[in-house]
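Shown next: input-v9.cif, containing mmCIF, C-alpha atoms.
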```cif
data_entry
#
loop_
_atom_site.group_PDB
_atom_site.id
_atom_site.type_symbol
_atom_site.label_atom_id
_atom_site.label_comp_id
_atom_site.auth_asym_id
_atom_site.auth_seq_id
_atom_site.Cartn_x
_atom_site.Cartn_y
_atom_site.Cartn_z
ATOM 1 C CA MET A 1 0.000 0.000 0.000
ATOM 2 C CA ASN A 2 1.352 3.362 -1.023
ATOM 3 C CA TRP A 3 0.078 5.601 1.756
ATOM 4 C CA LYS A 4 -0.316 9.311 1.080
ATOM 5 C CA ALA A 5 -1.475 12.251 3.155
ATOM 6 C CA GLY A 6 -5.203 12.725 2.823
ATOM 7 C CA ALA A 7 -5.956 9.059 2.222
ATOM 8 C CA SER A 8 -9.094 7.829 3.962
ATOM 9 C CA LEU A 9 -8.975 4.551 5.827
ATOM 10 C CA GLU A 10 -11.698 1.963 5.380
ATOM 11 C CA PRO A 11 -14.400 2.848 7.956
ATOM 12 C CA LEU A 12 -15.527 0.317 10.540
ATOM 13 C CA VAL A 13 -19.241 0.073 11.322
ATOM 14 C CA VAL A 14 -20.595 -1.219 14.632
ATOM 15 C CA ASP A 15 -24.345 -1.666 14.380
ATOM 16 C CA PRO A 16 -25.740 -1.867 16.918
ATOM 17 C CA VAL A 17 -23.674 -1.231 20.018
ATOM 18 C CA GLU A 18 -24.906 -4.148 22.128
ATOM 19 C CA PRO A 19 -25.942 -3.214 25.688
ATOM 20 C CA GLU A 20 -25.341 -6.814 26.745
ATOM 21 C CA LEU A 21 -21.635 -6.470 25.953
ATOM 22 C CA MET A 22 -21.275 -3.615 28.439
ATOM 23 C CA VAL A 23 -21.624 -6.157 31.255
ATOM 24 C CA PRO A 24 -18.546 -8.255 30.399
ATOM 25 C CA MET A 25 -16.695 -5.033 29.545
ATOM 26 C CA ALA A 26 -17.408 -3.740 33.067
ATOM 27 C CA THR A 27 -15.761 -6.916 34.363
ATOM 28 C CA ILE A 28 -12.799 -6.600 31.991
ATOM 29 C CA LEU A 29 -12.314 -2.978 33.053
ATOM 30 C CA ASP A 30 -13.080 -3.674 36.710
ATOM 31 C CA ASP A 31 -15.323 -0.625 36.438
ATOM 32 C CA PRO A 32 -18.540 -0.660 38.481
ATOM 33 C CA ASN A 33 -19.814 2.654 37.097
ATOM 34 C CA PRO A 34 -23.597 2.116 36.926
ATOM 35 C CA ILE A 35 -24.112 4.342 33.875
ATOM 36 C CA HIS A 36 -22.945 1.355 31.803
ATOM 37 C CA LEU A 37 -25.264 -1.122 33.460
ATOM 38 C CA ASP A 38 -28.440 0.518 34.699
ATOM 39 C CA PRO A 39 -30.573 2.806 32.496
ATOM 40 C CA GLU A 40 -32.379 4.101 35.578
ATOM 41 C CA VAL A 41 -29.116 5.588 36.843
ATOM 42 C CA VAL A 42 -28.553 7.206 33.452
ATOM 43 C CA LYS A 43 -32.016 8.774 33.725
ATOM 44 C CA GLU A 44 -31.405 9.999 37.270
ATOM 45 C CA LEU A 45 -28.170 11.667 36.163
ATOM 46 C CA GLY A 46 -29.938 13.325 33.244
ATOM 47 C CA TYR A 47 -27.748 11.744 30.562
ATOM 48 C CA GLY A 48 -30.542 9.975 28.668
ATOM 49 C CA ASP A 49 -32.564 6.817 29.004
ATOM 50 C CA ARG A 50 -30.224 4.090 27.757
ATOM 51 C CA VAL A 51 -27.020 2.644 29.146
ATOM 52 C CA ILE A 52 -23.836 4.412 28.025
ATOM 53 C CA ASN A 53 -21.083 2.492 26.302
ATOM 54 C CA GLN A 54 -17.754 2.451 28.118
ATOM 55 C CA GLY A 55 -15.404 5.071 26.680
ATOM 56 C CA PRO A 56 -12.547 2.563 26.233
ATOM 57 C CA THR A 57 -14.843 0.392 24.111
ATOM 58 C CA ASN A 58 -15.303 3.323 21.743
ATOM 59 C CA CYS A 59 -11.516 3.599 21.544
ATOM 60 C CA GLY A 60 -11.393 -0.118 20.826
ATOM 61 C CA TYR A 61 -13.658 0.314 17.786
ATOM 62 C CA VAL A 62 -11.300 2.960 16.417
ATOM 63 C CA MET A 63 -8.252 0.778 17.115
ATOM 64 C CA ASN A 64 -9.930 -2.101 15.284
ATOM 65 C CA MET A 65 -10.528 0.181 12.315
ATOM 66 C CA LEU A 66 -6.811 1.068 12.306
ATOM 67 C CA CYS A 67 -5.684 -2.566 12.641
ATOM 68 C CA ARG A 68 -7.867 -3.655 9.727
ATOM 69 C CA ALA A 69 -7.058 -0.679 7.494
ATOM 70 C CA VAL A 70 -3.298 -0.994 8.072
ATOM 71 C CA PRO A 71 -2.670 -4.740 8.361
ATOM 72 C CA GLY A 72 0.705 -5.518 9.880
ATOM 73 C CA GLY A 73 1.023 -1.981 11.221
ATOM 74 C CA GLN A 74 1.927 -1.436 14.852
ATOM 75 C CA LEU A 75 -0.011 1.156 16.837
ATOM 76 C CA ILE A 76 2.467 3.072 18.999
ATOM 77 C CA ARG A 77 0.483 6.155 19.984
ATOM 78 C CA PHE A 78 -3.230 6.795 20.418
ATOM 79 C CA LYS A 79 -4.878 9.945 21.719
ATOM 80 C CA ALA A 80 -8.627 10.278 22.142
ATOM 81 C CA ARG A 81 -10.929 13.010 23.312
ATOM 82 C CA PHE A 82 -14.388 11.938 24.388
ATOM 83 C CA LEU A 83 -16.927 14.370 22.949
ATOM 84 C CA GLY A 84 -20.178 12.584 23.626
ATOM 85 C CA ASN A 85 -21.801 9.424 24.794
ATOM 86 C CA VAL A 86 -22.546 6.317 22.774
ATOM 87 C CA PHE A 87 -25.747 4.660 23.923
ATOM 88 C CA GLY A 88 -26.802 1.067 23.828
ATOM 89 C CA GLY A 89 -28.490 0.240 20.504
ATOM 90 C CA GLU A 90 -26.795 3.028 18.565
ATOM 91 C CA ARG A 91 -24.907 2.640 15.294
ATOM 92 C CA VAL A 92 -21.376 4.035 15.261
ATOM 93 C CA VAL A 93 -18.760 4.313 12.540
ATOM 94 C CA ALA A 94 -15.001 4.617 13.111
ATOM 95 C CA HIS A 95 -13.080 6.728 10.593
ATOM 96 C CA GLY A 96 -9.458 7.596 9.893
ATOM 97 C CA ARG A 97 -7.562 9.876 7.547
ATOM 98 C CA VAL A 98 -3.808 9.895 6.972
ATOM 99 C CA VAL A 99 -2.247 13.222 7.919
ATOM 100 C CA THR A 100 1.413 12.514 7.246
ATOM 101 C CA VAL A 101 3.679 9.673 6.175
ATOM 102 C CA THR A 102 7.135 10.099 7.664
ATOM 103 C CA THR A 103 10.347 8.155 7.989
ATOM 104 C CA PRO A 104 12.202 9.291 11.096
ATOM 105 C CA ASP A 105 15.996 8.984 10.939
ATOM 106 C CA ASP A 106 17.078 5.357 10.952
ATOM 107 C CA GLU A 107 13.555 4.229 11.735
ATOM 108 C CA VAL A 108 10.761 2.521 9.865
ATOM 109 C CA PRO A 109 8.087 4.620 8.125
ATOM 110 C CA GLN A 110 5.083 5.662 10.147
ATOM 111 C CA LEU A 111 1.632 7.094 9.580
ATOM 112 C CA GLU A 112 0.077 9.927 11.544
ATOM 113 C CA VAL A 113 -3.679 9.526 11.344
ATOM 114 C CA ASP A 114 -6.637 11.617 12.425
ATOM 115 C CA VAL A 115 -9.322 9.354 13.843
ATOM 116 C CA TRP A 116 -12.892 9.850 14.904
ATOM 117 C CA LEU A 117 -16.045 7.973 15.799
ATOM 118 C CA GLU A 118 -19.469 9.120 14.594
ATOM 119 C CA ASN A 119 -22.844 8.179 15.989
ATOM 120 C CA GLY A 120 -25.954 7.469 13.937
ATOM 121 C CA ASP A 121 -26.685 11.195 13.616
ATOM 122 C CA GLY A 122 -23.258 11.800 12.099
ATOM 123 C CA GLN A 123 -22.031 13.566 15.232
ATOM 124 C CA LYS A 124 -18.476 13.019 16.413
ATOM 125 C CA VAL A 125 -18.516 11.331 19.805
ATOM 126 C CA LEU A 126 -14.739 10.803 19.873
ATOM 127 C CA ASP A 127 -11.824 12.301 18.014
ATOM 128 C CA GLY A 128 -8.099 11.978 18.252
ATOM 129 C CA THR A 129 -4.877 10.966 16.566
ATOM 130 C CA ALA A 130 -2.902 7.783 16.125
ATOM 131 C CA THR A 131 0.605 6.867 15.085
ATOM 132 C CA ILE A 132 1.241 3.575 13.334
ATOM 133 C CA ILE A 133 4.615 2.075 12.445
ATOM 134 C CA LEU A 134 4.624 0.447 9.033
ATOM 135 C CA GLU A 135 6.693 -2.383 7.814
ATOM 136 C CA SER A 136 9.019 -0.962 5.160
ATOM 137 C CA ALA A 137 7.188 -2.758 2.398
ATOM 138 C CA GLN A 138 3.938 -1.021 3.349
ATOM 139 C CA ALA A 139 5.155 2.572 3.093
ATOM 140 C CA MET B 1 -4.764 26.008 37.939
ATOM 141 C CA THR B 2 -5.133 23.241 40.469
ATOM 142 C CA LEU B 3 -8.460 23.331 42.284
ATOM 143 C CA GLU B 4 -8.307 25.249 45.554
ATOM 144 C CA GLY B 5 -7.814 22.913 48.462
ATOM 145 C CA TYR B 6 -6.088 20.263 46.304
ATOM 146 C CA GLU B 7 -2.772 22.028 45.687
ATOM 147 C CA ASN B 8 -0.827 19.108 47.154
ATOM 148 C CA LEU B 9 -2.544 16.521 44.961
ATOM 149 C CA PRO B 10 -0.390 16.798 41.779
ATOM 150 C CA GLY B 11 2.509 14.385 42.030
ATOM 151 C CA THR B 12 0.773 12.127 44.510
ATOM 152 C CA ALA B 13 1.898 8.583 43.724
ATOM 153 C CA LEU B 14 -0.743 5.981 43.114
ATOM 154 C CA PRO B 15 -0.166 2.620 44.819
ATOM 155 C CA ALA B 16 1.889 0.399 42.542
ATOM 156 C CA GLY B 17 0.690 -3.035 41.513
ATOM 157 C CA THR B 18 0.984 -5.795 38.969
ATOM 158 C CA ILE B 19 -1.168 -7.188 36.177
ATOM 159 C CA THR B 20 -1.195 -10.406 34.178
ATOM 160 C CA ILE B 21 -3.751 -10.620 31.372
ATOM 161 C CA SER B 22 -4.660 -14.201 30.589
ATOM 162 C CA SER B 23 -5.234 -15.571 27.106
ATOM 163 C CA SER B 24 -8.901 -16.113 27.959
ATOM 164 C CA GLU B 25 -9.282 -12.466 29.023
ATOM 165 C CA SER B 26 -7.656 -11.458 25.767
ATOM 166 C CA THR B 27 -10.187 -13.530 23.865
ATOM 167 C CA GLU B 28 -13.050 -12.038 25.877
ATOM 168 C CA LEU B 29 -12.045 -8.459 25.000
ATOM 169 C CA ASP B 30 -11.784 -9.407 21.347
ATOM 170 C CA ARG B 31 -15.343 -10.765 21.595
ATOM 171 C CA VAL B 32 -16.637 -7.567 23.208
ATOM 172 C CA LEU B 33 -14.928 -5.357 20.629
ATOM 173 C CA GLY B 34 -15.797 -7.527 17.652
ATOM 174 C CA SER B 35 -12.148 -8.216 16.878
ATOM 175 C CA GLU B 36 -12.271 -11.991 16.951
ATOM 176 C CA ASP B 37 -9.973 -11.901 13.913
ATOM 177 C CA ASN B 38 -7.087 -10.894 16.183
ATOM 178 C CA ASP B 39 -4.721 -13.832 15.730
ATOM 179 C CA SER B 40 -1.540 -11.880 16.360
ATOM 180 C CA GLY B 41 -0.783 -13.623 19.644
ATOM 181 C CA ARG B 42 -0.520 -10.150 21.181
ATOM 182 C CA LEU B 43 -2.932 -8.335 23.427
ATOM 183 C CA HIS B 44 -5.302 -5.846 21.824
ATOM 184 C CA PRO B 45 -3.688 -2.387 22.147
ATOM 185 C CA LEU B 46 -6.603 -1.320 24.348
ATOM 186 C CA TYR B 47 -5.146 -3.650 26.965
ATOM 187 C CA ALA B 48 -2.493 -1.000 27.638
ATOM 188 C CA PHE B 49 -5.263 1.136 29.099
ATOM 189 C CA ILE B 50 -7.012 -1.796 30.760
ATOM 190 C CA GLY B 51 -3.794 -3.240 32.156
ATOM 191 C CA ALA B 52 -2.837 0.111 33.625
ATOM 192 C CA GLN B 53 -6.273 0.610 35.137
ATOM 193 C CA ARG B 54 -6.497 -2.846 36.630
ATOM 194 C CA GLY B 55 -2.845 -3.204 37.529
ATOM 195 C CA ILE B 56 -2.426 0.015 39.442
ATOM 196 C CA GLY B 57 -3.035 -0.529 43.139
ATOM 197 C CA ALA B 58 -6.090 1.722 43.196
ATOM 198 C CA SER B 59 -9.572 1.055 41.865
ATOM 199 C CA ILE B 60 -11.570 3.607 39.901
ATOM 200 C CA PRO B 61 -13.519 4.509 43.061
ATOM 201 C CA ASP B 62 -10.167 4.887 44.869
ATOM 202 C CA ILE B 63 -8.826 7.198 42.168
ATOM 203 C CA CYS B 64 -12.029 9.265 42.199
ATOM 204 C CA SER B 65 -11.722 9.540 45.970
ATOM 205 C CA TYR B 66 -8.509 11.571 45.554
ATOM 206 C CA ALA B 67 -10.880 14.264 44.263
ATOM 207 C CA ASP B 68 -13.495 13.465 46.932
ATOM 208 C CA PHE B 69 -15.811 12.173 44.217
ATOM 209 C CA ALA B 70 -18.078 9.154 44.575
ATOM 210 C CA VAL B 71 -18.155 6.768 41.612
ATOM 211 C CA GLU B 72 -21.936 6.506 42.099
ATOM 212 C CA ASP B 73 -22.147 10.095 40.821
ATOM 213 C CA GLY B 74 -21.067 8.952 37.357
ATOM 214 C CA PRO B 75 -17.500 9.863 36.390
ATOM 215 C CA MET B 76 -16.820 9.919 32.658
ATOM 216 C CA MET B 77 -13.674 9.754 30.594
ATOM 217 C CA GLY B 78 -12.473 13.065 29.185
ATOM 218 C CA THR B 79 -9.303 12.104 27.354
ATOM 219 C CA LEU B 80 -7.124 9.029 26.959
ATOM 220 C CA GLU B 81 -3.579 8.883 25.674
ATOM 221 C CA ILE B 82 -1.628 5.669 25.160
ATOM 222 C CA GLU B 83 2.006 5.376 24.165
ATOM 223 C CA LEU B 84 3.012 1.812 23.380
ATOM 224 C CA GLU B 85 6.726 1.076 23.324
ATOM 225 C CA GLU B 86 6.054 -2.530 22.396
ATOM 226 C CA PRO B 87 3.028 -4.809 22.090
ATOM 227 C CA MET B 88 1.849 -6.499 25.261
ATOM 228 C CA THR B 89 1.607 -10.253 25.547
ATOM 229 C CA PRO B 90 -0.942 -12.514 27.276
ATOM 230 C CA ASP B 91 0.091 -14.428 30.392
ATOM 231 C CA VAL B 92 3.031 -12.109 31.115
ATOM 232 C CA LYS B 93 3.314 -10.290 34.432
ATOM 233 C CA TYR B 94 3.691 -6.518 34.209
ATOM 234 C CA HIS B 95 4.293 -3.919 36.912
ATOM 235 C CA VAL B 96 2.191 -0.759 37.034
ATOM 236 C CA GLU B 97 3.004 2.560 38.688
ATOM 237 C CA GLY B 98 1.604 6.060 38.364
ATOM 238 C CA GLU B 99 0.712 9.389 39.858
ATOM 239 C CA ILE B 100 -1.930 12.091 39.904
ATOM 240 C CA LEU B 101 -1.089 14.946 37.533
ATOM 241 C CA ASP B 102 -3.744 17.533 38.350
ATOM 242 C CA LEU B 103 -7.286 18.379 39.385
ATOM 243 C CA VAL B 104 -8.853 21.447 37.799
ATOM 244 C CA ARG B 105 -12.391 22.872 37.791
ATOM 245 C CA LYS B 106 -14.140 23.592 34.498
ATOM 246 C CA GLN B 107 -17.452 25.015 33.331
ATOM 247 C CA GLY B 108 -18.922 23.320 30.278
ATOM 248 C CA ARG B 109 -21.780 24.464 28.064
ATOM 249 C CA THR B 110 -23.595 21.182 28.358
ATOM 250 C CA ARG B 111 -21.927 19.524 31.321
ATOM 251 C CA GLY B 112 -22.173 22.456 33.733
ATOM 252 C CA ILE B 113 -19.550 22.531 36.477
ATOM 253 C CA PHE B 114 -17.175 19.596 36.508
ATOM 254 C CA ASP B 115 -13.696 18.737 37.716
ATOM 255 C CA LEU B 116 -11.042 17.222 35.487
ATOM 256 C CA LEU B 117 -8.833 14.690 37.267
ATOM 257 C CA THR B 118 -5.726 13.779 35.270
ATOM 258 C CA PHE B 119 -3.400 10.922 36.146
ATOM 259 C CA ARG B 120 -0.657 8.914 34.464
ATOM 260 C CA GLU B 121 0.227 5.243 34.708
ATOM 261 C CA ARG B 122 3.184 3.296 33.363
ATOM 262 C CA ILE B 123 3.326 -0.404 32.564
ATOM 263 C CA LEU B 124 6.762 -1.944 33.015
ATOM 264 C CA ASP B 125 8.130 -5.347 32.131
ATOM 265 C CA GLU B 126 10.036 -7.587 34.545
ATOM 266 C CA THR B 127 13.293 -5.777 33.784
ATOM 267 C CA GLY B 128 11.820 -2.348 34.529
ATOM 268 C CA ASN B 129 11.526 -1.172 30.936
ATOM 269 C CA VAL B 130 8.456 0.929 30.210
ATOM 270 C CA VAL B 131 6.154 -0.950 27.861
ATOM 271 C CA ALA B 132 3.303 1.572 27.839
ATOM 272 C CA THR B 133 2.404 4.957 29.279
ATOM 273 C CA VAL B 134 -1.247 5.828 29.754
ATOM 274 C CA THR B 135 -2.544 9.298 30.620
ATOM 275 C CA ASN B 136 -6.215 9.650 31.517
ATOM 276 C CA SER B 137 -8.493 12.474 32.456
ATOM 277 C CA PHE B 138 -11.764 11.786 34.212
ATOM 278 C CA VAL B 139 -14.678 14.207 34.040
ATOM 279 C CA LEU B 140 -16.253 14.475 37.481
ATOM 280 C CA PRO B 141 -19.648 16.245 37.294
ATOM 281 C CA ARG B 142 -20.243 18.492 40.281
ATOM 282 C CA LYS B 143 -23.561 19.633 41.564
ATOM 283 C CA ALA B 144 -23.818 23.405 41.600
ATOM 284 C CA SER B 145 -23.577 23.530 45.373
ATOM 285 C CA SER B 146 -20.408 21.387 45.681
#
```
So, in terms of structure tokens, how does the structure I just supplied come out?
Amino acid sequence: MNWKAGASLEPLVVDPVEPELMVPMATILDDPNPIHLDPEVVKELGYGDRVINQGPTNCGYVMNMLCRAVPGGQLIRFKARFLGNVFGGERVVAHGRVVTVTTPDDEVPQLEVDVWLENGDGQKVLDGTATIILESAQA
Amino acid sequence: MTLEGYENLPGTALPAGTITISSSESTELDRVLGSEDNDSGRLHPLYAFIGAQRGIGASIPDICSYADFAVEDGPMMGTLEIELEEPMTPDVKYHVEGEILDLVRKQGRTRGIFDLLTFRERILDETGNVVATVTNSFVLPRKASS
């Protein structure tokens, strides 16, 4: 793959975000926050009426998009800003766009990528950047 | 500027700990994230965050308590930054250390008054080399009177 600045990565669609998967994720994260488990708590806090997906899961969708779009690449840096909530049952799409392709001195080529996650209304609920090391043959 | 009354909080070390992610836990995360095609033999990169969170010797409620915030009041993630020096591997023991970076008060258009608690954790291998550095900020919604 001949990567160039401006290239769009193949989007990754998650449809729907399964509320049932927030339960094992709470165990994996060791995170008892009830906003991921109990819609009544979400209502009481005024955030909506459905359980809220764990923020790290949203990052995981974006990482999966990167891993699939750049096979063999190695993610070395990932920054995310959480802009909104993803609710159980929603459709989300992870996107990426190459910003730069660089070859640091004596190092393998790497991609700097803008990443974001959109909800079903097309609103960004997460944005950030990622750095991926390429195998030389991929640059 | 650090929130008044918490000036001594930045730099506070979090209790160190260890983490070993089993192969079955690795498979379970891949199931949750829909990445069952991960056959790399390495942990999903999200495990840098998860390993840091679970391996540090403080739970999420413990970390929130540094800001006198109860987890029942619904903390949310603000930002997450992961730097991976090398991929992590299942069934390997890692050490985790970290510290609080800051606690600041903010006023958001939609969130109202909230505090931003920022902390950093490092995952180290058995020889002490840093494998990953994770910097998190938690959004802690505050009632107007607090």
- Message: Starting from the PyMOL selection byres ((chain B) within 8 of (chain A)), expand the selection into actual residues of this file and give them as a list in words.
- Response: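 So the PyMOL selection byres ((chain B) within 8 of (chain A)) ends up selecting Glu25, Leu29, Val32, Leu33, Ser35, Pro45, Leu46, Phe49, Ile50, Gln53, Arg54, Ser59, Ile60, Val71, Glu72, Asp73, Gly74, Pro75, Met76, Met77, Gly78, Thr79, Leu80, Glu81, Ile82, Glu83, Leu84, Glu85 and Glu86 of chain B.
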- Item | Separation of CA of Ala5 (chain A) from CA of Asp114 (chain A), in Å and rounded to one decimal | 10.6 Å
- Kindly resolve the PyMOL selection byres ((chain B and resi 142) around 6) on the present coordinates and return the residues as a PyMOL selection string. chain B and resi 113-114+141+143
- Task: For Asp121 (chain A), please output as a VMD selection string all residues within 10 Å (counting only C-alpha atoms; exclusion window: fewer than 3 positions along the same chain).
- Result: chain A and resid 90 to 92 118 124
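A straight line drawn from CA of Ala94 (chain A) to CA of Arg111 (chain B) is 24.5 Å long.
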- Task: Mind giving me the straight-line distance from CA of Gly34 (chain B) to CA of Val62 (chain A) in Å, one decimal?
- Result: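 Between CA of Gly34 (chain B) and CA of Val62 (chain A) the gap is 11.5 Å.
Of the residues under consideration (B:Glu28, B:Glu121, B:Glu7, B:Glu97), B:Glu7 shows the shortest atom-to-atom contact distance to Tyr66 (chain B) when counting all atoms listed in the file.
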- Message: If the PyMOL selection byres ((chain A and resi 133) around 10) were run on this exact file, what residues would it hold? Put them as a list of chain:residue names.
- Response: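 That selection, the PyMOL selection byres ((chain A and resi 133) around 10), comes back as A:Val70, A:Gly72, A:Gly73, A:Gln74, A:Leu75, A:Ile76, A:Arg77, A:Val101, A:Thr102, A:Thr103, A:Glu107, A:Val108, A:Pro109, A:Gln110, A:Leu111, A:Glu112, A:Thr131, A:Ile132, A:Leu134, A:Glu135, A:Ser136, A:Gln138, A:Ala139.
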- Message: I'd like to know which of A:Val99, A:Val93, A:Pro16, A:Val125 is closest to Val113 (chain A), using only C-alpha atoms.
- Response: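 Selected residue with least distance to Val113 (chain A): A:Val99.
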